[in-house]
Each structure stands twice: as C-alpha cells, then as structure tokens.
Number of protein chains: 2
Amino acid sequence: MGHTAVISANESGLLTREELLARLHALGEERYHHRHPFHLHMHQGKLTRGQIQAWVLNRYYYQSRIPIKDSIILSRGDAQFRRAWRKRIIDHDGTQPGTGGIECWLQLAEAAGLNRSQVESCEYVLPATRYAVDAYLKLVSEGSFLQAVASSLTELFSGRLIALRMDALNKHYPWLSGGFAYFKARLTQAPEDAEFAFAYVYDHARTREEQEIIVTSLSRKCDILWAQLDALYYAYVEPGFVPYGAFQLTEQDDAR
Amino acid sequence: MGHTAVISANESGLLTREELLARLHALGEERYHHRHPFHLHMHQGKLTRGQIQAWVLNRYYYQSRIPIKDSIILSRGDAQFRRAWRKRIIDHDGTQPGTGGIECWLQLAEAAGLNRSQVESCEYVLPATRYAVDAYLKLVSEGSFLQAVASSLTELFSGRLIALRMDALNKHYPWLSGGFAYFKARLTQAPEDAEFAFAYVYDHARTREEQEIIVTSLSRKCDILWAQLDALYYAYVEPGFVPYGAFQLTEQDDAR
C-alpha cells in the first residue's frame with residue numbers, strides 16, 4: 001500500500017507520517033476533553049461524590065456502546081483489518097461474564113456508591129449524553145471507512161489523561177480507588193489500539209484531502225466527548241439544572 | 001429467561017422446544033439447498049471441473065460476507081450475546097493471515113484450479129449471487145434481532161450436507177480433496193453455532209407469533225442459499241447462459 005512507493009510526500013503535498021501525527025496531537029491539545037472544565041474540576045478535587053456518580057453513570061452509556069461501535073467498524077473492514085480490530089470488542093466484553101472493560105466500569109460505579117442495575121439500565125442518563133454517543137455510532141456507520149477508523153484516534157491522547165486521572169482520583173476521592181481496573185487496563189490497551197489505527201489511516205489516506213478527513217474526523221470525535229462533559233457540567237455543576245427523569249444528586253450531596 | 005417460568009407452553013399456544021425444533025427441521029427438509037439440482041448433480045459426480053470452479057468462485061462471495069454478517073449481528077447484541085457470537089468471526093477470519101474459514105475456502109479454490117486473486121477480487125461473481133448474498137446482509141441489518149439470529153439456523157442442517165458433500169467430492173472429484181480444510185472445520189463449528197442460535201431464539205421468542213417469525217426467517221435464509229444455486233445452474237449447467245463479465249467455463253470444459 002502506499003503512496004510513498006510512488007511519489008515522495010513532499011512532491012504530492014501529502015503530510016509525512018510525522019507531520020500528520022503532529023497535526024493530530026496539536027488538535028488533541030486544543031480539543032480533547034482533558035481541557036474540559038468538568039475534568040479540571042475532577043482533577044482538582046472539586047467534585048462532590050454525587051457529581052462523580054453522575055459522571056460514572058453517564059459515561060457508562062458511552063462505555064456500553066463502544067463494542068457496538070467497534071462491531072459496526074468490524075462489519076466494514078476486510079479480514080486483515082477485522083483480525084486486528086476485533087481485539088477491542090474482546091477487551092470491552094471480556095472473555096466471560098465478570099471480565100472486560102464494561103464490567104470494570106460497573107465496578108467503578110459500585111465503588112462510587114451507585115447501584116449496578118441502575119447504571120446498567122441506562123435509564124437515568126442525560127438525554128444530551130445519549131445524543132452525543134448515538135452521534136458516534138452514526139459517524140462510524142454513515143461516514144467513510146477512513147472517517148470511522150480515524151474517529152478512534154482519541155486513543156492517542158487517552159493514556160496520558162487516564163494516568164493523570166488515576167493520580168487525581170486517588171488523591172481526592174480515595175473511596176473510588178477500588179474501581180480502577182478499567183483505567184489500569186486502558187493504560188496498555190489504548191496505546192496499542194491507537195498505534196494500529198494511526199498506521200491504518202496513514203497508510204490508507206492517499207491524498208492530502210483524505211489526510212484532512214482524518215483530522216476532521218478526530219475533531220468530530222473530540223466534539224462528541226466534549227459535549228458529554230458539557231451536559232454533565234450544565235446539569236450537575238453549574239447552573240445545575242437536571243432534566244426530568246435523569247440521575248439526581250442526593251440532598252446531602254447538594255448541601256456539601 | 002423465559003416464558004416457561006410463567007405459563008406452560010400448552011396454555012400459551014407456544015411451541016415447546018421440541019416442537020419448534022421439529023418445525024425448523026421440517027422446513028429444512030423441504031427448502032434447504034441440499035435438495036437443489038445443482039447440489040444433486042455435484043453429489044452424483046455430474047459436474048465438470050469448470051462447473052465446480054464456478055460454484056467455488058461464486059460461493060466465495062458468500063463466504064467472504066459471513067464475518068460481515070456476523071459483525072452486523074454483533075453490533076446489535078448485548079455483551080453476553082457478543083461474547084458467544086464473536087467466535088464465528090474468529091472462525092472465519094482466523095487468528096493470523098493464512099488461517100480461518102475464508103483462507104480455507106481460497107485453498108479449496110486453488111485445489112479446484114482457480115487463481116486465488118481472481119477469486120478474492122469477487123469480480124467474476126454472478127450478479128444474482130451478489131443480490132442474494134447482499135439480501136442476507138440486509139436481512140440481518142434491517143430485520144428484527146430475532147430474525148437476524150434465526151437466519152443463521154441453516155447451521156442446523158449444514159453438518160449433514162457437508163459430510164455428504166465431502167464423501168461425494170472425494171469420490172467424484174478427487175483432484176479437489178486437498179482443499180477440504182473448510183469443510184472439516186465446519187463439521188464441528190456449525191453444530192456448536194446452531195446450538196447457541198437455537199437456544200437463543202427459543203428463549204427470546206415470547207409469543208407464538210415470534211416463534212413463527214423464527215420459522216419465516218429461516219425460510220428466507222433458505223431462499224437466499226437456493227437462489228445462489230439457481231443462478232449457478234442457469235449460467236453454468238442449463239441453459240448455460242453466462243452473463244457478460246461473469247466467470248466463463250473454458251472451451252475444454254464445454255467440450256466435456
């Protein structure tokens with residue numbers, strides 16, 4: 001594969017591997033949700049237990065849709081691609097009941113004091129969380145295959161955010177630290193996944209326009225993550241207007 | 001899960017497990033493609049090498065779409081379902097290049113004297129093969145989840161057909177026998193897969209109407225397999241009108 005065999009990156013206007021990676025990292029620096037005020041509050045220890053619960057409960061909806069997203073992507077790849085990509089589904093679903101990333105997220109929910117079946121039902125998720133996550137499924141279903149794969153490239157940034165988050169959660173919310181198995185697993189999974197996805201999109205973008213599509217798709221994915229935290233912030237931090245039917249902070253929590 | 005905890009099968013009008021299975025087997029006896037004239041010719045040793053090649057080449061299109069079909073179904077299930085169903089994708093794609101059911105089918109193609117890349121390109125497939133196989137993908141995408149799972153139940157019948165086919169191919173077309181790895185693997189895979197799929201649809205059909213949907217879905221899948229052999233028979237056996245652009249028998253083969 002590869003344009004590089006035919007013409008050099010410079011002649012064609014194509015970004016080199018390093019240039020493309022730098023573009024993606026620059027975008028992440030600006031738009032990835034590590035900069036979102038909700039995460040900044042979290043890392044500074046400013047969130048209440050209820051606000052942490054709201055995050056864990058809403059984020060479960062995202063977590064539970066990841067293997068669906070990956071199955072959709074799987075249905076669009078060839079055998080070689082599927083052999084590499086299916087690992088993600090196994091990572092999230094586990095090898096038997098009680099294992100895998102979704103289960104680990106439920107353990108985090110329990111450490112946060114939430115009821116497992118309340119979380120699993122997804123009944124109390126903010127509508128805006130649902131819209132954003134469903135937009136992700138739509139992106140990988142209806143976008144080009146290159147867009148679908150590129151949308152996973154937030155994994156380029158997630159390792160650093162997870163390491164930072166684990167330190168912060170440990171320090172400020174020690175009652176949560178029994179539920180870190182998900183984060184620990186992602187520290188090794190995410191970089192492997194990002195490496196494959198980046199190599200794939202780099203090798204398959206044959207024009208500068210296609211390289212720009214990679215950048216745009218990552219940007220749209222950053223929006224999807226950001227919108228989830230906007231919704232959380234609005235409902236549970238400030239102004240704190242919780243939509244009817246969504247998860248409610250307890251009175252004790254409000255009185256903090 | 002199940003209705004059986006609440007009301008007995010008889011009171012509710014629901015078929016028992018055995019009755020449903022008997023209905024499916026009766027349908028298979030009538031409509032599964034083991035009765036198709038193309039397969040009867042094959043088993044009686046009446047096909048030429050070129051006609052066998054046409055079958056292998058066209059059927060590759062079906063084989064290559066199976067993991068796509070299974071990824072679509074995967075994207076519609078929950079974690080417990082996905083853990084059981086993803087095995088099918090691994091069976092077909094293998095654990096590394098050069099393994100798995102699709103690769104084994106390519107080995108069969110080579111044993112039949114076809115060129116691997118000609119087969120992999122899917123360029124010479126009959127349009128009617130493509131329409132039938134694509135209808136299968138549409139069925140599992142757009143039908144209910146119960147319909148999607150039930151459409152795989154032809155695996156209830158495939159073990160017997162494959163055993164019969166291996167004997168017949170061995171006897172009448174011994175030059176093909178180096179390519180039987182696919183069939184050998186399916187002899188154990190198909191019954192396991194069928195057992196899971198049947199248990200799933202039986203447990204999840206909560207009304208008699210839903211049980212009838214299972215039967216109808218299996219019937220539609222039988223149609224999809226049958227239509228592929230109709231197209232082969234029409235083009236390569238009788239009357240032998242090959243659509244423009246599709247795989248051609250060699251003159252030597254015609255002169256048999």
# chains A, B, ... in the order shown; residues from 1 in each chain; ligands from 1

call {"tool": "interface_residues", "arguments": {"of": "chain A", "to": "chain B", "cutoff": "8 Å", "atoms": "only C-alpha atoms", "output": "list in words"}}
result
Pro67, Ile68, Lys69, Asp70, Ser71, Ile72, Leu74, Ser75, Arg76, Ala79, Gln80, Arg82, Arg83, Ile90, Asp93, Gly94, Thr95, Gln96 and Pro97 of chain A

call {"tool": "closest_residue", "arguments": {"among": "B:His43, B:Arg49, B:Arg160, B:Arg35", "to": "Lys184 in chain B", "atoms": "only C-alpha atoms"}}
result
B:Arg160

call {"tool": "closest_residue", "arguments": {"among": "B:Leu15, B:Ala246, B:Leu27, B:Leu47", "to": "Leu126 in chain B", "atoms": "only C-alpha atoms"}}
result
B:Ala246

call {"tool": "residues_around", "arguments": {"residues": "range 143-152 of chain A", "least_positions_apart": "5", "cutoff": "7 Å", "atoms": "only C-alpha atoms", "output": "list in words"}}
result
Ile73, Arg76, Ala197, Val201, Ile213, Ile214, Ser217, Leu218 and Lys221 of chain A

call {"tool": "residues_around", "arguments": {"residues": "Val237 in chain B", "least_positions_apart": "6", "cutoff": "10 Å", "atoms": "only C-alpha atoms", "output": "number ranges by chain"}}
result
B: 37-38, 41, 47-48, 51, 230-231

call {"tool": "closest_residue", "arguments": {"among": "B:Leu156, B:Val133, B:Leu40, B:Leu57", "to": "Ala109 in chain B", "atoms": "only C-alpha atoms"}}
result
B:Leu57

call {"tool": "closest_residue", "arguments": {"among": "A:Phe247, A:Trp226, A:Tyr236, A:Phe241", "to": "Ala132 in chain A", "atoms": "only C-alpha atoms"}}
result
A:Trp226

call {"tool": "atom_distance", "arguments": {"atom1": "CA of Asp253 in chain B", "atom2": "CA of Pro127 in chain B"}}
result
22.2 Å

call {"tool": "select_by_dssp", "arguments": {"residues": "range 134-207 of chain A", "states": "alpha helix (DSSP H)", "output": "ChimeraX atom specification"}}
result
/A:134-142,145-150,155-172,181-204

call {"tool": "atom_distance", "arguments": {"atom1": "CA of Asn58 in chain B", "atom2": "CA of Val140 in chain A"}}
result
29.6 Å

call {"tool": "closest_residue", "arguments": {"among": "A:Val215, A:Ala26, A:Ile52, A:Leu169", "to": "Tyr202 in chain A", "atoms": "only C-alpha atoms"}}
result
A:Val215

call {"tool": "atom_distance", "arguments": {"atom1": "CA of Cys222 in chain B", "atom2": "CA of Glu142 in chain B"}}
result
17.7 Å
